[in-house]
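Next comes model12.cif, a file with mmCIF, C-alpha atoms.
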```cif
data_structure
#
loop_
_atom_site.label_atom_id
_atom_site.label_comp_id
_atom_site.auth_asym_id
_atom_site.auth_seq_id
_atom_site.Cartn_x
_atom_site.Cartn_y
_atom_site.Cartn_z
CA MET A 1 0.00 0.00 0.00
CA GLU A 2 1.31 3.46 -0.85
CA PHE A 3 1.57 6.13 1.80
CA ASN A 4 3.02 9.54 2.60
CA SER A 5 5.91 9.57 5.04
CA VAL A 6 5.79 11.68 8.18
CA ILE A 7 9.50 10.93 8.50
CA HIS A 8 11.78 9.92 5.69
CA GLY A 9 15.38 8.96 6.43
CA GLU A 10 18.32 8.10 4.22
CA ASN A 11 21.58 6.35 5.06
CA LEU A 12 21.13 6.68 8.80
CA VAL A 13 24.30 5.43 10.48
CA LYS A 14 25.37 5.55 14.10
CA LYS A 15 28.47 3.63 15.15
CA TYR A 16 29.34 2.49 18.63
CA LYS A 17 32.28 0.32 19.64
CA LYS A 18 30.45 -2.96 19.31
CA PHE A 19 27.29 -1.95 17.53
CA GLU A 20 26.26 -0.14 14.40
CA LEU A 21 22.84 1.21 13.47
CA ASN A 22 22.63 1.19 9.69
CA ILE A 23 19.36 2.06 7.95
CA PRO A 24 19.60 2.82 4.21
CA THR A 25 16.01 4.11 3.99
CA LEU A 26 13.40 4.75 6.63
CA ASP A 27 9.78 5.69 6.04
CA ILE A 28 7.22 6.16 8.80
CA PRO A 29 3.70 6.33 7.32
CA GLU A 30 1.68 9.47 7.99
CA GLY A 31 -1.70 9.02 9.67
CA PHE A 32 -0.89 5.71 11.34
CA ALA A 33 0.59 4.14 14.46
CA THR A 34 3.91 2.43 13.73
CA ALA A 35 5.44 -0.08 16.12
CA LEU A 36 9.19 -0.45 16.37
CA ILE A 37 9.92 -4.00 17.46
CA GLY A 38 13.17 -5.81 18.23
CA GLU A 39 15.39 -7.37 20.86
CA ASN A 40 17.00 -5.36 23.62
CA GLY A 41 20.02 -3.69 22.08
CA ALA A 42 18.69 -3.97 18.52
CA GLY A 43 18.87 -0.20 18.09
CA LYS A 44 15.28 0.90 18.71
CA SER A 45 16.04 3.60 21.26
CA THR A 46 19.05 4.83 19.30
CA LEU A 47 16.85 5.28 16.23
CA MET A 48 14.12 7.02 18.23
CA ASP A 49 16.63 9.34 19.87
CA ILE A 50 17.99 10.27 16.45
CA LEU A 51 14.48 11.04 15.18
CA ALA A 52 13.57 13.02 18.30
CA GLY A 53 16.76 15.08 18.19
CA ILE A 54 18.09 13.76 21.49
CA ARG A 55 21.06 12.30 19.66
CA LEU A 56 22.59 14.60 17.07
CA ASP A 57 25.84 12.72 16.39
CA PHE A 58 24.80 10.48 13.52
CA LYS A 59 25.32 10.32 9.78
CA GLY A 60 22.52 10.55 7.24
CA HIS A 61 19.58 12.70 6.29
CA LEU A 62 16.14 13.11 7.76
CA GLN A 63 13.01 14.73 6.43
CA PHE A 64 10.10 15.65 8.69
CA PHE A 65 6.50 16.26 7.60
CA GLY A 66 7.60 16.09 3.96
CA GLU A 67 9.45 19.41 4.02
CA PHE A 68 11.84 19.95 6.95
CA ASP A 69 15.28 18.46 7.58
CA GLU A 70 17.00 17.78 10.90
CA LYS A 71 18.46 21.30 11.00
CA ASP A 72 14.96 22.78 10.69
CA ARG A 73 13.90 20.53 13.55
CA GLU A 74 16.62 22.03 15.75
CA LYS A 75 16.41 25.64 14.62
CA ASN A 76 12.75 26.12 13.76
CA PRO A 77 10.79 25.81 17.00
CA GLU A 78 7.57 25.30 15.05
CA VAL A 79 8.91 22.01 13.71
CA LYS A 80 10.21 20.88 17.09
CA MET A 81 6.93 21.77 18.82
CA ARG A 82 5.04 19.48 16.44
CA ILE A 83 7.01 16.49 17.70
CA GLY A 84 6.26 14.95 21.09
CA TYR A 85 8.77 12.60 22.73
CA GLU A 86 8.53 10.24 25.67
CA GLY A 87 11.65 8.31 26.66
CA THR A 88 12.38 5.47 29.04
CA GLY A 89 14.72 7.42 31.28
CA MET A 90 14.04 10.17 33.76
CA TYR A 91 12.26 13.01 32.07
CA TYR A 92 11.53 15.15 35.08
CA MET A 93 14.30 16.09 37.49
CA PRO A 94 13.96 13.49 40.23
CA THR A 95 13.71 16.02 43.02
CA TRP A 96 10.95 18.05 41.39
CA THR A 97 7.52 17.97 42.91
CA MET A 98 4.54 17.11 40.73
CA GLN A 99 3.59 20.79 40.68
CA GLN A 100 7.07 21.79 39.49
CA GLY A 101 6.90 19.13 36.76
CA LYS A 102 3.69 20.66 35.49
CA ASP A 103 4.98 24.25 35.72
CA VAL A 104 8.12 23.42 33.75
CA GLN A 105 6.15 21.88 30.91
CA ALA A 106 3.88 24.92 30.76
CA LEU A 107 7.02 27.05 30.51
CA LEU A 108 8.73 24.90 27.87
CA PHE A 109 5.89 24.13 25.50
CA ASP A 110 3.64 26.80 23.99
CA THR A 111 0.80 24.38 23.36
CA PHE A 112 0.91 22.66 26.75
CA ASP A 113 -2.68 22.58 28.01
CA GLY A 114 -2.75 22.51 31.81
CA LYS A 115 -6.43 21.61 31.99
CA ARG A 116 -5.96 18.71 29.64
CA TYR A 117 -2.96 17.59 31.68
CA ASP A 118 -5.03 17.56 34.87
CA ALA A 119 -7.84 15.71 33.12
CA LEU A 120 -5.39 13.11 31.76
CA CYS A 121 -3.77 12.66 35.19
CA GLU A 122 -7.22 11.88 36.55
CA GLU A 123 -8.09 9.60 33.62
CA LEU A 124 -4.84 7.69 34.12
CA ALA A 125 -5.51 7.39 37.87
CA ILE A 126 -2.28 9.14 38.86
CA PRO A 127 -2.33 9.93 42.59
CA VAL A 128 -1.83 13.68 42.18
CA ASP A 129 -0.30 15.50 45.11
CA PRO A 130 1.35 18.81 44.05
CA LYS A 131 3.93 18.58 46.83
CA LYS A 132 4.90 14.96 46.24
CA LYS A 133 8.31 14.40 44.71
CA ILE A 134 8.22 12.71 41.31
CA ASN A 135 10.92 10.18 42.13
CA THR A 136 8.81 8.76 44.96
CA LEU A 137 6.17 7.61 42.45
CA SER A 138 6.14 4.01 41.16
CA ASP A 139 7.58 3.25 37.69
CA GLY A 140 4.06 2.91 36.31
CA ASN A 141 2.94 6.25 37.70
CA GLN A 142 6.10 7.99 36.46
CA MET A 143 5.38 6.66 32.96
CA LYS A 144 1.74 7.77 33.21
CA LEU A 145 2.91 11.25 34.22
CA LYS A 146 5.20 11.41 31.17
CA LEU A 147 2.36 10.25 28.91
CA ALA A 148 -0.05 12.82 30.40
CA GLY A 149 2.55 15.46 29.56
CA VAL A 150 3.17 14.46 25.97
CA PHE A 151 -0.54 13.98 25.21
CA SER A 152 -1.36 17.42 26.65
CA ARG A 153 0.38 19.23 23.82
CA GLU A 154 -0.70 20.04 20.28
CA THR A 155 1.62 17.82 18.28
CA ASP A 156 1.46 16.04 14.93
CA PHE A 157 3.94 13.26 15.60
CA LEU A 158 4.60 11.31 18.77
CA ILE A 159 7.72 9.26 19.50
CA LEU A 160 7.02 6.96 22.43
CA ASP A 161 9.83 4.72 23.69
CA GLU A 162 8.44 1.66 25.46
CA PRO A 163 5.30 3.38 26.75
CA ALA A 164 3.51 0.12 27.63
CA SER A 165 6.30 -1.64 29.57
CA PRO A 166 5.69 -0.35 33.10
CA LEU A 167 1.89 -0.13 32.70
CA ASP A 168 -0.64 -2.63 34.03
CA PRO A 169 -3.09 -4.29 31.58
CA LEU A 170 -5.85 -1.78 32.35
CA MET A 171 -3.54 1.16 31.67
CA ARG A 172 -2.17 -0.46 28.48
CA ASP A 173 -5.74 -0.59 27.24
CA LYS A 174 -6.15 3.07 28.20
CA LEU A 175 -2.92 3.93 26.36
CA CYS A 176 -4.26 2.23 23.20
CA ASP A 177 -7.45 4.30 23.51
CA MET A 178 -5.42 7.50 23.91
CA MET A 179 -3.37 6.65 20.83
CA ARG A 180 -6.47 5.95 18.70
CA LYS A 181 -8.08 9.18 19.90
CA TYR A 182 -4.90 11.10 19.07
CA LEU A 183 -4.89 9.71 15.51
CA LEU A 184 -8.61 10.50 15.13
CA GLU A 185 -8.40 14.15 16.17
CA LYS A 186 -6.67 15.23 12.97
CA GLU A 187 -7.90 12.36 10.83
CA GLY A 188 -4.93 11.23 8.78
CA LYS A 189 -2.56 14.06 9.69
CA ARG A 190 -1.17 12.75 12.95
CA SER A 191 1.21 9.85 13.35
CA ILE A 192 2.77 7.84 16.17
CA LEU A 193 6.00 5.85 16.36
CA PHE A 194 6.30 3.66 19.44
CA SER A 195 8.63 0.88 20.48
CA THR A 196 7.35 -2.11 22.38
CA HIS A 197 8.05 -5.63 23.59
CA ASN A 198 4.39 -6.09 24.48
CA ILE A 199 3.28 -6.86 20.95
CA ALA A 200 0.16 -8.80 21.88
CA ASP A 201 -1.17 -5.97 24.06
CA MET A 202 -0.42 -3.35 21.43
CA GLU A 203 -1.44 -5.22 18.25
CA ALA A 204 -4.92 -3.67 18.24
CA VAL A 205 -3.37 -0.22 17.82
CA THR A 206 -0.52 -1.17 15.48
CA ASP A 207 -0.97 -0.26 11.82
CA TYR A 208 2.57 -0.56 10.55
CA ALA A 209 5.39 -2.60 12.05
CA ILE A 210 9.14 -2.17 11.69
CA ILE A 211 11.25 -5.03 13.03
CA VAL A 212 14.84 -4.11 13.89
CA GLU A 213 17.60 -6.60 14.59
CA ASN A 214 21.24 -5.84 15.24
CA GLY A 215 20.96 -2.28 13.95
CA LYS A 216 19.15 -3.14 10.72
CA ILE A 217 15.54 -3.23 9.58
CA VAL A 218 14.82 -6.88 8.85
CA GLU A 219 11.10 -6.63 8.08
CA GLN A 220 8.45 -3.93 7.80
CA GLY A 221 4.97 -3.40 6.45
CA PHE A 222 1.33 -2.75 7.24
CA VAL A 223 0.12 -5.36 9.71
CA GLU A 224 -2.67 -6.61 7.45
CA GLU A 225 -0.13 -7.10 4.64
CA LEU A 226 2.34 -8.92 6.89
CA LYS A 227 -0.48 -11.23 7.95
CA GLU A 228 -0.95 -12.19 4.32
CA LYS A 229 2.77 -12.53 3.69
CA TYR A 230 3.35 -15.10 6.45
CA ILE A 231 1.36 -18.15 7.43
CA VAL A 232 1.33 -20.45 10.46
CA VAL A 233 1.78 -24.16 9.67
CA LYS A 234 0.92 -26.93 12.13
CA GLY A 235 1.37 -30.64 11.69
CA GLU A 236 1.69 -33.94 13.49
CA GLY A 237 5.12 -35.08 12.53
CA GLU A 238 4.81 -37.18 9.39
CA ASP A 239 6.03 -34.50 7.02
CA ARG A 240 8.23 -32.82 9.58
CA GLU A 241 11.50 -33.06 7.65
CA LYS A 242 10.04 -31.83 4.36
CA VAL A 243 8.20 -28.97 6.02
CA LYS A 244 11.28 -27.98 7.98
CA GLU A 245 13.04 -26.90 4.80
CA ILE A 246 10.59 -24.13 4.01
CA LEU A 247 9.70 -22.98 7.52
CA TYR A 248 11.16 -19.77 8.89
CA THR A 249 11.11 -21.15 12.38
CA MET A 250 9.79 -24.36 13.83
CA ASN A 251 8.85 -25.50 17.31
CA GLU A 252 8.82 -29.23 17.78
CA ASN A 253 7.31 -31.31 20.54
CA PRO A 254 6.43 -35.01 20.96
CA TYR A 255 2.97 -34.39 19.49
CA GLY A 256 3.82 -32.41 16.40
CA PHE A 257 5.30 -29.19 15.15
CA GLU A 258 4.34 -25.60 14.55
CA GLY A 259 6.09 -22.94 12.51
CA ILE A 260 5.81 -19.97 10.23
CA CYS A 261 6.59 -19.73 6.53
CA LEU A 262 6.07 -17.31 3.68
CA ALA A 263 2.57 -17.64 2.22
CA GLU A 264 4.08 -17.75 -1.28
CA GLN A 265 5.74 -21.03 -0.37
CA LEU A 266 2.43 -22.62 0.47
CA ASP A 267 2.45 -24.63 -2.78
CA ALA A 268 5.37 -26.63 -1.43
CA LEU A 269 3.07 -27.92 1.32
CA ALA A 270 0.54 -29.36 -1.11
CA GLY A 271 -0.47 -32.89 -0.21
CA MET A 272 0.98 -32.75 3.29
CA LYS A 273 -1.13 -33.23 6.36
CA VAL A 274 -0.79 -29.75 7.82
CA LEU A 275 -3.11 -27.08 9.13
CA THR A 276 -2.52 -23.46 8.13
CA GLU A 277 -3.62 -20.35 10.03
CA THR A 278 -3.27 -16.58 9.78
CA PRO A 279 -0.52 -15.53 12.22
CA SER A 280 -0.84 -12.84 14.87
CA LEU A 281 1.59 -9.92 14.69
CA SER A 282 3.34 -11.33 17.70
CA GLN A 283 3.89 -14.71 15.99
CA ILE A 284 5.30 -12.96 12.91
CA CYS A 285 7.64 -10.85 15.02
CA VAL A 286 8.96 -13.80 16.99
CA ALA A 287 9.59 -15.75 13.77
CA VAL A 288 11.37 -12.88 12.03
CA MET A 289 13.36 -12.07 15.16
CA LYS A 290 14.44 -15.70 15.63
CA LYS A 291 15.57 -15.90 12.04
CA ASN A 292 17.67 -12.76 12.36
CA SER A 293 18.73 -12.82 15.96
CA LYS A 294 22.46 -13.10 16.56
CA LEU A 295 21.84 -15.03 19.72
CA PHE A 296 19.70 -17.64 18.04
CA GLN A 297 22.05 -18.07 15.10
CA GLN A 298 24.98 -18.66 17.43
CA LYS A 299 23.04 -21.35 19.23
CA GLU A 300 21.93 -22.98 16.01
CA GLY A 301 25.39 -22.79 14.44
CA MET T 1 -21.68 -4.62 15.46
CA ILE T 2 -20.22 -7.64 17.22
CA ILE T 3 -16.55 -8.34 16.59
CA SER T 4 -15.23 -11.71 17.66
CA GLN T 5 -11.51 -12.11 18.32
CA THR T 6 -11.65 -15.90 18.30
CA SER T 7 -14.07 -16.82 15.49
CA GLY T 8 -11.24 -17.39 13.02
CA VAL T 9 -12.85 -14.87 10.66
CA PRO T 10 -10.45 -11.90 10.22
CA ILE T 11 -11.68 -8.74 11.93
CA TYR T 12 -11.64 -6.72 8.70
CA GLN T 13 -13.89 -9.40 7.16
CA GLN T 14 -16.35 -9.19 10.06
CA ILE T 15 -16.58 -5.40 9.71
CA ALA T 16 -17.07 -5.64 5.94
CA ASP T 17 -19.76 -8.32 6.44
CA SER T 18 -21.65 -6.10 8.86
CA PHE T 19 -21.65 -3.03 6.61
CA ARG T 20 -22.40 -5.12 3.53
CA ALA T 21 -25.51 -6.51 5.23
CA ASP T 22 -26.60 -2.99 6.27
CA ILE T 23 -26.16 -1.69 2.73
CA LEU T 24 -27.88 -4.62 1.02
CA GLU T 25 -30.77 -4.54 3.50
CA GLY T 26 -31.17 -0.83 2.87
CA LYS T 27 -30.29 0.19 6.44
CA MET T 28 -27.54 2.32 4.94
CA LYS T 29 -28.76 4.27 1.96
CA GLU T 30 -27.21 5.66 -1.19
CA GLY T 31 -25.19 8.81 -0.47
CA GLU T 32 -24.68 7.98 3.20
CA TYR T 33 -21.09 7.90 4.48
CA LEU T 34 -19.50 5.05 6.39
CA PRO T 35 -18.13 6.18 9.79
CA SER T 36 -14.67 7.78 9.49
CA ILE T 37 -11.87 5.21 9.42
CA ARG T 38 -10.15 6.45 12.57
CA GLY T 39 -13.47 7.07 14.32
CA LEU T 40 -14.54 3.47 13.79
CA ALA T 41 -11.09 2.24 14.86
CA ARG T 42 -11.45 4.17 18.11
CA ASP T 43 -15.00 2.97 18.73
CA LEU T 44 -14.25 -0.69 18.00
CA LYS T 45 -10.82 -0.56 19.70
CA ILE T 46 -9.01 -1.87 16.64
CA SER T 47 -6.20 -0.55 14.48
CA VAL T 48 -6.69 1.99 11.70
CA ILE T 49 -5.27 -0.37 9.08
CA THR T 50 -7.83 -3.09 9.91
CA THR T 51 -10.71 -0.65 9.42
CA MET T 52 -9.13 0.58 6.21
CA LYS T 53 -8.86 -2.93 4.83
CA ALA T 54 -12.56 -3.56 5.56
CA TYR T 55 -13.56 -0.40 3.70
CA GLU T 56 -11.29 -1.21 0.77
CA LEU T 57 -12.92 -4.62 0.49
CA LEU T 58 -16.38 -2.99 0.26
CA ALA T 59 -15.03 -0.57 -2.35
CA GLN T 60 -13.68 -3.48 -4.41
CA GLU T 61 -17.12 -5.06 -4.32
CA GLY T 62 -18.56 -1.81 -5.68
CA LEU T 63 -20.76 -1.20 -2.62
CA VAL T 64 -18.99 2.04 -1.63
CA THR T 65 -16.68 4.54 -3.29
CA ALA T 66 -13.79 6.42 -1.69
CA VAL T 67 -14.24 10.19 -2.00
CA GLN T 68 -11.00 12.13 -1.60
CA GLY T 69 -10.93 13.98 1.69
CA LYS T 70 -14.45 12.94 2.67
CA GLY T 71 -14.50 9.22 3.26
CA TYR T 72 -16.43 6.26 1.88
CA VAL T 73 -19.90 6.88 0.41
CA VAL T 74 -22.56 4.21 -0.21
CA ASN T 75 -23.21 3.65 -3.92
CA PRO T 76 -26.69 3.36 -5.42
CA GLN T 77 -27.72 -0.29 -5.15
CA ASP T 78 -29.70 -1.85 -7.97
CA GLY T 79 -32.49 -3.68 -6.10
CA ASN T 80 -33.63 -5.76 -9.07
CA MET T 81 -30.15 -6.90 -9.84
CA LEU T 82 -29.69 -8.10 -6.28
CA VAL T 83 -32.96 -10.05 -6.33
CA GLU T 84 -31.95 -11.62 -9.64
CA GLN T 85 -28.54 -12.57 -8.31
CA HIS T 86 -30.10 -14.35 -5.38
CA MET T 87 -32.73 -16.04 -7.56
CA ARG T 88 -29.92 -17.49 -9.62
CA LYS T 89 -28.23 -18.80 -6.48
CA VAL T 90 -31.50 -20.49 -5.38
CA GLU T 91 -31.86 -22.10 -8.80
CA GLU T 92 -28.30 -23.37 -8.77
CA GLY T 93 -28.73 -24.83 -5.31
CA LEU T 94 -31.99 -26.55 -6.19
CA LEU T 95 -30.53 -28.05 -9.37
CA GLN T 96 -27.71 -29.50 -7.34
CA ALA T 97 -30.17 -30.93 -4.81
CA ILE T 98 -32.26 -32.50 -7.59
CA GLY T 99 -29.15 -34.11 -9.05
CA SER T 100 -28.21 -35.63 -5.70
CA ALA T 101 -31.81 -36.75 -5.11
CA LYS T 102 -31.77 -38.66 -8.37
CA ILE T 103 -28.56 -40.47 -7.43
CA ALA T 104 -30.04 -41.34 -4.04
CA GLY T 105 -33.25 -42.57 -5.72
CA LEU T 106 -35.61 -40.12 -4.03
CA THR T 107 -39.04 -39.59 -5.63
CA GLU T 108 -40.29 -36.11 -6.45
CA ASP T 109 -42.71 -36.19 -3.52
CA GLU T 110 -40.02 -37.28 -1.11
CA LEU T 111 -37.76 -34.44 -2.26
CA VAL T 112 -40.52 -31.82 -1.97
CA ASN T 113 -41.41 -33.12 1.49
CA MET T 114 -37.79 -32.85 2.52
CA LEU T 115 -37.66 -29.24 1.33
CA ARG T 116 -40.85 -28.42 3.27
CA MET T 117 -39.42 -29.97 6.38
CA LEU T 118 -36.14 -28.12 6.04
CA MET T 119 -37.95 -24.79 5.49
CA LYS T 120 -39.58 -25.21 8.91
CA LEU T 121 -36.21 -25.48 10.69
#
```

Can the structure from this file be put into structure tokens for me?
Amino acid sequence: MEFNSVIHGENLVKKYKKFELNIPTLDIPEGFATALIGENGAGKSTLMDILAGIRLDFKGHLQFFGEFDEKDREKNPEVKMRIGYEGTGMYYMPTWTMQQGKDVQALLFDTFDGKRYDALCEELAIPVDPKKKINTLSDGNQMKLKLAGVFSRETDFLILDEPASPLDPLMRDKLCDMMRKYLLEKEGKRSILFSTHNIADMEAVTDYAIIVENGKIVEQGFVEELKEKYIVVKGEGEDREKVKEILYTMNENPYGFEGICLAEQLDALAGMKVLTETPSLSQICVAVMKKNSKLFQQKEG
Amino acid sequence: MIISQTSGVPIYQQIADSFRADILEGKMKEGEYLPSIRGLARDLKISVITTMKAYELLAQEGLVTAVQGKGYVVNPQDGNMLVEQHMRKVEEGLLQAIGSAKIAGLTEDELVNMLRMLMKL
């Protein structure tokens, strides 16, 4: 499916001693929620930090909203204000009180809406006490406070690094609702990029998925298209060896086997006693990650 | 609209089925717009791309048309054509049943009785 890119990147490279992020082309579709998926250390946060402007020491070119480059993002406050970022680390100074946290955001961001912030704090069940220090809150509540902040501004693009991780199931559901509402408010003009390990919880809000392994994009596409590209195959053993050749990954047990293969290879299964099913996003991700993971390959080899 | 996560029928298919029924039954009329893609996604708690795929399926079937910047509008439905289409399906089905009845050695009366009985179910 064709789409406009809210962010377009070319030859993005960031080298560390033992790791290199290398992305020849990057396109984040406009109007959708894109999930960035991959192992710890795959380069998700590095990429997000580059896009958000937290990390400026990288090679390559970026284009935002179809017209601005990374210099515009830094020098033109109007571009920067349109981007909202939520990271995994401390965002508020740990010794600030909740009131100070709110005041600072009102000072920093022109479009920060204090009333909306209060309403979101209530909606997210944050125990608000203006005098309470932020670092005394639980991980979940600190994340909720960061989310309330970023959703209280008028932005067109959100970069959320692991927003679901510290949240309980109820709050993950709430986060999905907030994301859908955000996309709805400017129908088709707002976009979200978020990283997550909680694929199953976030699948119902994921439109496009980018899977990163060892600093490279190994698979990407609209979820509905990926679900047609891959297929789950289950069988009871008889054809195990033949099926093994075409499967991406395979789990075996005494009763049978289960794996994922490309749907275009389905012809090769003709005549075998196997059951095929549409995979969930999480099944696709695990299969693609296993195939590309360094760890797994070392074990296999 | 009831969306089942475990029925095995893809969610986009279930949404398309529901709107298709509404359009064919005349509950949604010519010129009416389907709910906005992101509005429906929010209401049904599903992703935008799933809703989009459902609408694209209906557009492929000619039931709705995408209007740039406005959404998906219900096309005029030819009532007679629909009735005819279904009549043809009934005929096909009956011919198949008659064929099988012959092989099984059923008499005409027995076949008609069977049809009457089945209609009451």

Specify as an mmCIF file with C-alpha atoms, keeping the file's coordinate frame all residues of chain A found within 7 Å of chain T, counting only C-alpha atoms.
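File out00.cif, as written:
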```cif
data_model
loop_
_atom_site.group_PDB
_atom_site.id
_atom_site.type_symbol
_atom_site.label_atom_id
_atom_site.label_comp_id
_atom_site.auth_asym_id
_atom_site.auth_seq_id
_atom_site.Cartn_x
_atom_site.Cartn_y
_atom_site.Cartn_z
ATOM 1 C CA PHE A 32 -0.890 5.710 11.340
ATOM 2 C CA ASP A 177 -7.450 4.300 23.510
ATOM 3 C CA ARG A 180 -6.470 5.950 18.700
ATOM 4 C CA LYS A 181 -8.080 9.180 19.900
ATOM 5 C CA LEU A 183 -4.890 9.710 15.510
ATOM 6 C CA LEU A 184 -8.610 10.500 15.130
ATOM 7 C CA GLU A 187 -7.900 12.360 10.830
ATOM 8 C CA ALA A 204 -4.920 -3.670 18.240
ATOM 9 C CA VAL A 205 -3.370 -0.220 17.820
ATOM 10 C CA THR A 206 -0.520 -1.170 15.480
ATOM 11 C CA ASP A 207 -0.970 -0.260 11.820
ATOM 12 C CA GLU A 224 -2.670 -6.610 7.450
#
```

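CA of Tyr92 in chain A is positioned 19.3 Å from CA of Lys115 in chain A.
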
- Do you know which residues are at most 8 Å from range 119-131 of chain A counting only C-alpha atoms, after dropping those on the same chain fewer than 3 positions away, and could you put them as a ChimeraX atom specification? /A:97-100,115-116,141,144-145,148,152,171,174

- Find the distance between CA of Glu245 in chain A and CA of Tyr208 in chain A and write it in Å to one decimal.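 Between CA of Glu245 in chain A and CA of Tyr208 in chain A the gap works out to 28.9 Å.
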
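Here the PyMOL selection byres ((chain T and resi 24) around 10) catches exactly these residues: Phe19, Arg20, Ala21, Asp22, Ile23, Glu25, Gly26, Lys27, Met28, Lys29, Leu63, Gln77, Asp78, Gly79 and Leu82 of chain T.
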
- All residues 10 Å or closer to Gly43 in chain A, all atoms listed in the file, same chain fewer than 6 positions away omitted, as a list in words: Lys14, Phe19, Glu20, Leu21, Asn22, Leu36, Ile37, Asp49, Val212, Glu213, Asn214, Gly215, Lys216 and Ile217 of chain A
